[in-house]
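Note: the block below is input_16.pdb and it holds PDB, N, CA and C atoms.
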```pdb
ATOM      1  N   MET A  30      14.059  13.624   3.526
ATOM      2  CA  MET A  30      14.378  12.590   4.483
ATOM      3  C   MET A  30      13.526  12.767   5.736
ATOM      4  N   LEU A  31      12.912  11.701   6.165
ATOM      5  CA  LEU A  31      12.089  11.746   7.369
ATOM      6  C   LEU A  31      12.939  11.563   8.620
ATOM      7  N   ARG A  32      12.569  12.295   9.650
ATOM      8  CA  ARG A  32      13.237  12.176  10.947
ATOM      9  C   ARG A  32      12.171  11.993  12.023
ATOM     10  N   GLU A  33      12.542  11.300  13.075
ATOM     11  CA  GLU A  33      11.635  11.081  14.206
ATOM     12  C   GLU A  33      11.686  12.306  15.120
ATOM     13  N   TYR A  34      10.516  12.743  15.569
ATOM     14  CA  TYR A  34      10.404  13.903  16.456
ATOM     15  C   TYR A  34       9.672  13.511  17.733
ATOM     16  N   PHE A  35      10.006  14.222  18.803
ATOM     17  CA  PHE A  35       9.422  13.981  20.123
ATOM     18  C   PHE A  35       9.061  15.313  20.751
ATOM     19  N   VAL A  36       7.984  15.307  21.546
ATOM     20  CA  VAL A  36       7.598  16.505  22.288
ATOM     21  C   VAL A  36       7.832  16.241  23.771
ATOM     22  N   ASN A  37       8.384  17.228  24.435
ATOM     23  CA  ASN A  37       8.604  17.149  25.871
ATOM     24  C   ASN A  37       7.241  17.174  26.563
ATOM     25  N   THR A  38       6.963  16.193  27.403
ATOM     26  CA  THR A  38       5.660  16.133  28.076
ATOM     27  C   THR A  38       5.601  17.072  29.279
ATOM     28  N   LEU A  39       6.753  17.583  29.694
ATOM     29  CA  LEU A  39       6.803  18.555  30.790
ATOM     30  C   LEU A  39       7.017  19.939  30.192
ATOM     31  N   ALA A  40       6.158  20.873  30.566
ATOM     32  CA  ALA A  40       6.263  22.231  30.040
ATOM     33  C   ALA A  40       7.460  22.958  30.627
ATOM     34  N   GLN A  41       8.011  23.864  29.842
ATOM     35  CA  GLN A  41       9.055  24.755  30.330
ATOM     36  C   GLN A  41       8.410  25.809  31.231
ATOM     37  N   SER A  42       9.209  26.650  31.842
ATOM     38  CA  SER A  42       8.686  27.667  32.755
ATOM     39  C   SER A  42       7.728  28.640  32.062
ATOM     40  N   ASN A  43       7.869  28.811  30.734
ATOM     41  CA  ASN A  43       6.972  29.717  30.000
ATOM     42  C   ASN A  43       5.714  29.010  29.474
ATOM     43  N   GLY A  44       5.582  27.721  29.761
ATOM     44  CA  GLY A  44       4.397  26.971  29.339
ATOM     45  C   GLY A  44       4.549  26.209  28.035
ATOM     46  N   ASP A  45       5.661  26.387  27.327
ATOM     47  CA  ASP A  45       5.896  25.698  26.056
ATOM     48  C   ASP A  45       6.328  24.249  26.262
ATOM     49  N   HIS A  46       5.933  23.413  25.313
ATOM     50  CA  HIS A  46       6.395  22.025  25.240
ATOM     51  C   HIS A  46       7.275  21.949  24.004
ATOM     52  N   GLU A  47       8.581  21.761  24.196
ATOM     53  CA  GLU A  47       9.512  21.782  23.078
ATOM     54  C   GLU A  47       9.489  20.491  22.267
ATOM     55  N   VAL A  48       9.629  20.654  20.957
ATOM     56  CA  VAL A  48       9.684  19.538  20.020
ATOM     57  C   VAL A  48      11.144  19.325  19.627
ATOM     58  N   HIS A  49      11.608  18.082  19.762
ATOM     59  CA  HIS A  49      13.002  17.737  19.498
ATOM     60  C   HIS A  49      13.108  16.686  18.399
ATOM     61  N   GLN A  50      14.172  16.812  17.637
ATOM     62  CA  GLN A  50      14.510  15.848  16.593
ATOM     63  C   GLN A  50      15.321  14.715  17.230
ATOM     64  N   GLU A  51      15.109  13.498  16.766
ATOM     65  CA  GLU A  51      15.877  12.370  17.282
ATOM     66  C   GLU A  51      17.372  12.686  17.228
ATOM     67  N   GLY A  52      18.079  12.409  18.318
ATOM     68  CA  GLY A  52      19.509  12.661  18.391
ATOM     69  C   GLY A  52      19.876  14.001  18.989
ATOM     70  N   CYS A  53      18.891  14.820  19.324
ATOM     71  CA  CYS A  53      19.149  16.133  19.910
ATOM     72  C   CYS A  53      19.840  15.976  21.269
ATOM     73  N   SER A  54      20.851  16.780  21.503
ATOM     74  CA  SER A  54      21.559  16.762  22.787
ATOM     75  C   SER A  54      20.677  17.224  23.946
ATOM     76  N   TRP A  55      19.615  17.951  23.637
ATOM     77  CA  TRP A  55      18.713  18.486  24.658
ATOM     78  C   TRP A  55      17.439  17.643  24.795
ATOM     79  N   MET A  56      17.450  16.419  24.282
ATOM     80  CA  MET A  56      16.280  15.539  24.340
ATOM     81  C   MET A  56      15.894  15.278  25.807
ATOM     82  N   PRO A  57      14.650  15.538  26.161
ATOM     83  CA  PRO A  57      14.222  15.302  27.541
ATOM     84  C   PRO A  57      13.986  13.816  27.816
ATOM     85  N   LEU A  58      14.010  13.463  29.072
ATOM     86  CA  LEU A  58      13.706  12.088  29.457
ATOM     87  C   LEU A  58      12.209  11.824  29.351
ATOM     88  N   SER A  59      11.419  12.835  29.653
ATOM     89  CA  SER A  59       9.962  12.716  29.610
ATOM     90  C   SER A  59       9.477  13.234  28.256
ATOM     91  N   LYS A  60       9.180  12.296  27.356
ATOM     92  CA  LYS A  60       8.842  12.706  25.991
ATOM     93  C   LYS A  60       7.780  11.787  25.395
ATOM     94  N   HIS A  61       7.169  12.273  24.318
ATOM     95  CA  HIS A  61       6.162  11.508  23.581
ATOM     96  C   HIS A  61       6.490  11.648  22.095
ATOM     97  N   SER A  62       6.498  10.550  21.380
ATOM     98  CA  SER A  62       6.774  10.583  19.948
ATOM     99  C   SER A  62       5.610  11.236  19.203
ATOM    100  N   VAL A  63       5.964  12.120  18.274
ATOM    101  CA  VAL A  63       4.946  12.707  17.396
ATOM    102  C   VAL A  63       5.127  12.203  15.970
ATOM    103  N   GLY A  64       5.979  11.173  15.806
ATOM    104  CA  GLY A  64       6.133  10.502  14.530
ATOM    105  C   GLY A  64       7.281  11.004  13.684
ATOM    106  N   SER A  65       7.337  10.475  12.472
ATOM    107  CA  SER A  65       8.375  10.845  11.507
ATOM    108  C   SER A  65       7.865  11.964  10.619
ATOM    109  N   HIS A  66       8.723  12.956  10.405
ATOM    110  CA  HIS A  66       8.326  14.133   9.627
ATOM    111  C   HIS A  66       9.484  14.587   8.747
ATOM    112  N   ALA A  67       9.140  15.257   7.657
ATOM    113  CA  ALA A  67      10.142  15.800   6.744
ATOM    114  C   ALA A  67      10.698  17.124   7.252
ATOM    115  N   SER A  68       9.970  17.779   8.153
ATOM    116  CA  SER A  68      10.436  19.062   8.692
ATOM    117  C   SER A  68       9.908  19.262  10.102
ATOM    118  N   CYS A  69      10.522  20.214  10.790
ATOM    119  CA  CYS A  69      10.065  20.527  12.145
ATOM    120  C   CYS A  69       8.676  21.166  12.119
ATOM    121  N   HIS A  70       8.326  21.800  11.017
ATOM    122  CA  HIS A  70       7.021  22.476  10.938
ATOM    123  C   HIS A  70       5.867  21.481  11.113
ATOM    124  N   SER A  71       5.902  20.380  10.409
ATOM    125  CA  SER A  71       4.823  19.401  10.544
ATOM    126  C   SER A  71       4.918  18.678  11.893
ATOM    127  N   ALA A  72       6.125  18.534  12.429
ATOM    128  CA  ALA A  72       6.279  17.904  13.744
ATOM    129  C   ALA A  72       5.670  18.776  14.837
ATOM    130  N   VAL A  73       5.876  20.073  14.758
ATOM    131  CA  VAL A  73       5.280  20.984  15.743
ATOM    132  C   VAL A  73       3.754  20.956  15.629
ATOM    133  N   GLN A  74       3.238  20.924  14.417
ATOM    134  CA  GLN A  74       1.782  20.842  14.237
ATOM    135  C   GLN A  74       1.229  19.560  14.852
ATOM    136  N   ALA A  75       1.943  18.453  14.681
ATOM    137  CA  ALA A  75       1.514  17.183  15.279
ATOM    138  C   ALA A  75       1.565  17.269  16.799
ATOM    139  N   ALA A  76       2.582  17.921  17.342
ATOM    140  CA  ALA A  76       2.715  18.066  18.797
ATOM    141  C   ALA A  76       1.584  18.909  19.366
ATOM    142  N   LYS A  77       1.074  19.856  18.575
ATOM    143  CA  LYS A  77      -0.017  20.715  19.043
ATOM    144  C   LYS A  77      -1.325  19.951  19.220
ATOM    145  N   MET A  78      -1.398  18.731  18.711
ATOM    146  CA  MET A  78      -2.569  17.883  18.965
ATOM    147  C   MET A  78      -2.575  17.445  20.432
ATOM    148  N   TYR A  79      -1.408  17.435  21.066
ATOM    149  CA  TYR A  79      -1.269  17.042  22.472
ATOM    150  C   TYR A  79      -1.116  18.253  23.383
ATOM    151  N   PHE A  80      -0.352  19.236  22.930
ATOM    152  CA  PHE A  80      -0.063  20.428  23.727
ATOM    153  C   PHE A  80      -0.191  21.656  22.834
ATOM    154  N   SER A  81      -1.137  22.524  23.124
ATOM    155  CA  SER A  81      -1.386  23.682  22.258
ATOM    156  C   SER A  81      -0.194  24.630  22.190
ATOM    157  N   ARG A  82       0.635  24.629  23.214
ATOM    158  CA  ARG A  82       1.810  25.503  23.223
ATOM    159  C   ARG A  82       3.068  24.703  22.916
ATOM    160  N   ALA A  83       3.122  24.122  21.747
ATOM    161  CA  ALA A  83       4.310  23.396  21.290
ATOM    162  C   ALA A  83       5.175  24.347  20.474
ATOM    163  N   ASP A  84       6.488  24.168  20.597
ATOM    164  CA  ASP A  84       7.451  25.032  19.928
ATOM    165  C   ASP A  84       8.690  24.211  19.617
ATOM    166  N   GLY A  85       9.394  24.548  18.557
ATOM    167  CA  GLY A  85      10.598  23.826  18.187
ATOM    168  C   GLY A  85      11.764  24.117  19.122
ATOM    169  N   CYS A  86      12.613  23.149  19.309
ATOM    170  CA  CYS A  86      13.832  23.291  20.100
ATOM    171  C   CYS A  86      14.779  24.276  19.398
ATOM    172  N   ALA A  87      15.360  25.187  20.161
ATOM    173  CA  ALA A  87      16.280  26.172  19.594
ATOM    174  C   ALA A  87      17.541  25.525  19.042
ATOM    175  N   HIS A  88      17.876  24.324  19.506
ATOM    176  CA  HIS A  88      19.115  23.672  19.103
ATOM    177  C   HIS A  88      18.947  22.747  17.896
ATOM    178  N   CYS A  89      17.920  21.901  17.905
ATOM    179  CA  CYS A  89      17.769  20.933  16.816
ATOM    180  C   CYS A  89      16.692  21.319  15.801
ATOM    181  N   SER A  90      15.835  22.264  16.159
ATOM    182  CA  SER A  90      14.759  22.710  15.260
ATOM    183  C   SER A  90      14.645  24.236  15.285
ATOM    184  N   PRO A  91      15.743  24.948  15.022
ATOM    185  CA  PRO A  91      15.727  26.406  15.154
ATOM    186  C   PRO A  91      14.740  27.116  14.225
ATOM    187  N   LEU A  92      14.418  26.512  13.077
ATOM    188  CA  LEU A  92      13.449  27.144  12.175
ATOM    189  C   LEU A  92      12.051  27.184  12.776
ATOM    190  N   CYS A  93      11.806  26.335  13.757
ATOM    191  CA  CYS A  93      10.481  26.264  14.383
ATOM    192  C   CYS A  93      10.479  26.805  15.802
ATOM    193  N   HIS A  94      11.601  27.359  16.227
ATOM    194  CA  HIS A  94      11.703  27.950  17.564
ATOM    195  C   HIS A  94      11.235  29.397  17.476
ATOM    196  N   THR A  95      10.077  29.686  18.057
ATOM    197  CA  THR A  95       9.490  31.018  17.888
ATOM    198  C   THR A  95       9.430  31.822  19.179
ATOM    199  N   ARG A  96       9.701  31.203  20.318
ATOM    200  CA  ARG A  96       9.606  31.960  21.575
ATOM    201  C   ARG A  96      10.908  31.943  22.324
TER     202      ARG A  96
END
```

Taking this structure as input, can you express it in the form of structure tokens?
Amino acid sequence: MLREYFVNTLAQSNGDHEVHQEGCSWMPLSKHSVGSHASCHSAVQAAKMYFSRADGCAHCSPLCHTR
């Protein structure tokens, strides 16, 4: 099943731009769509085209949260 993913356009204090799944409670107001993906892994890779330090959200994409 495909889900829509978004990357936060504002970096966190550590420099990461978090990738969120549609419907995430932690979805930022300042975001950019990285498209529909079957997993957070491909969504994070797509986000890295915009921000080299992209990482999955610990809440909605914990498998891709590495920092």

Surrounding residues of region 61-70 of chain A excluding itself and chain neighbours under 5 positions, 10 Å, only C-alpha atoms, as number ranges by chain: A: 30-38, 48-51, 75-79, 84-86, 89-94

Nearest to Thr95 (chain A), chosen from A:Leu39, A:Met56, A:Ala72, A:Ala83, with only N, CA and C atoms counted in the distances: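 Smallest distance to Thr95 (chain A) is found for A:Ala83.
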
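Coordinates place CA of Arg96 (chain A) at a distance of 20.9 Å from CA of Ser59 (chain A).
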
Distance in Å - atom C of His88 (chain A) versus atom N of Gly52 (chain A): 10.4 Å

All alpha helix (DSSP H) residues (DSSP, backbone) inside region 38-83 of chain A, as a PDB file with N, CA and C atoms, in the coordinates of the input:
```pdb
ATOM      1  N   CYS A  69      10.522  20.214  10.790  1.00  0.00           N
ATOM      2  CA  CYS A  69      10.065  20.527  12.145  1.00  0.00           C
ATOM      3  C   CYS A  69       8.676  21.166  12.119  1.00  0.00           C
ATOM      4  N   HIS A  70       8.326  21.800  11.017  1.00  0.00           N
ATOM      5  CA  HIS A  70       7.021  22.476  10.938  1.00  0.00           C
ATOM      6  C   HIS A  70       5.867  21.481  11.113  1.00  0.00           C
ATOM      7  N   SER A  71       5.902  20.380  10.409  1.00  0.00           N
ATOM      8  CA  SER A  71       4.823  19.401  10.544  1.00  0.00           C
ATOM      9  C   SER A  71       4.918  18.678  11.893  1.00  0.00           C
ATOM     10  N   ALA A  72       6.125  18.534  12.429  1.00  0.00           N
ATOM     11  CA  ALA A  72       6.279  17.904  13.744  1.00  0.00           C
ATOM     12  C   ALA A  72       5.670  18.776  14.837  1.00  0.00           C
ATOM     13  N   VAL A  73       5.876  20.073  14.758  1.00  0.00           N
ATOM     14  CA  VAL A  73       5.280  20.984  15.743  1.00  0.00           C
ATOM     15  C   VAL A  73       3.754  20.956  15.629  1.00  0.00           C
ATOM     16  N   GLN A  74       3.238  20.924  14.417  1.00  0.00           N
ATOM     17  CA  GLN A  74       1.782  20.842  14.237  1.00  0.00           C
ATOM     18  C   GLN A  74       1.229  19.560  14.852  1.00  0.00           C
ATOM     19  N   ALA A  75       1.943  18.453  14.681  1.00  0.00           N
ATOM     20  CA  ALA A  75       1.514  17.183  15.279  1.00  0.00           C
ATOM     21  C   ALA A  75       1.565  17.269  16.799  1.00  0.00           C
ATOM     22  N   ALA A  76       2.582  17.921  17.342  1.00  0.00           N
ATOM     23  CA  ALA A  76       2.715  18.066  18.797  1.00  0.00           C
ATOM     24  C   ALA A  76       1.584  18.909  19.366  1.00  0.00           C
TER      25      ALA A  76
END
```

Pairwise distance for atom C of Arg82 (chain A) and atom C of Lys60 (chain A), rounded to one decimal in Å: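 Atom-to-atom, atom C of Arg82 (chain A) to atom C of Lys60 (chain A), that is 14.0 Å.
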
Strand (DSSP E or B) per DSSP on the backbone: members of region 31-84 of chain A, as a list in words: Arg32, Glu33, Tyr34, Phe35, Val36, Asn37, His46, Glu47, Val48, His49, Gln50, Lys60, His61, Ser62, Val63, Gly64, Ser65, His66, Ala83 and Asp84 of chain A
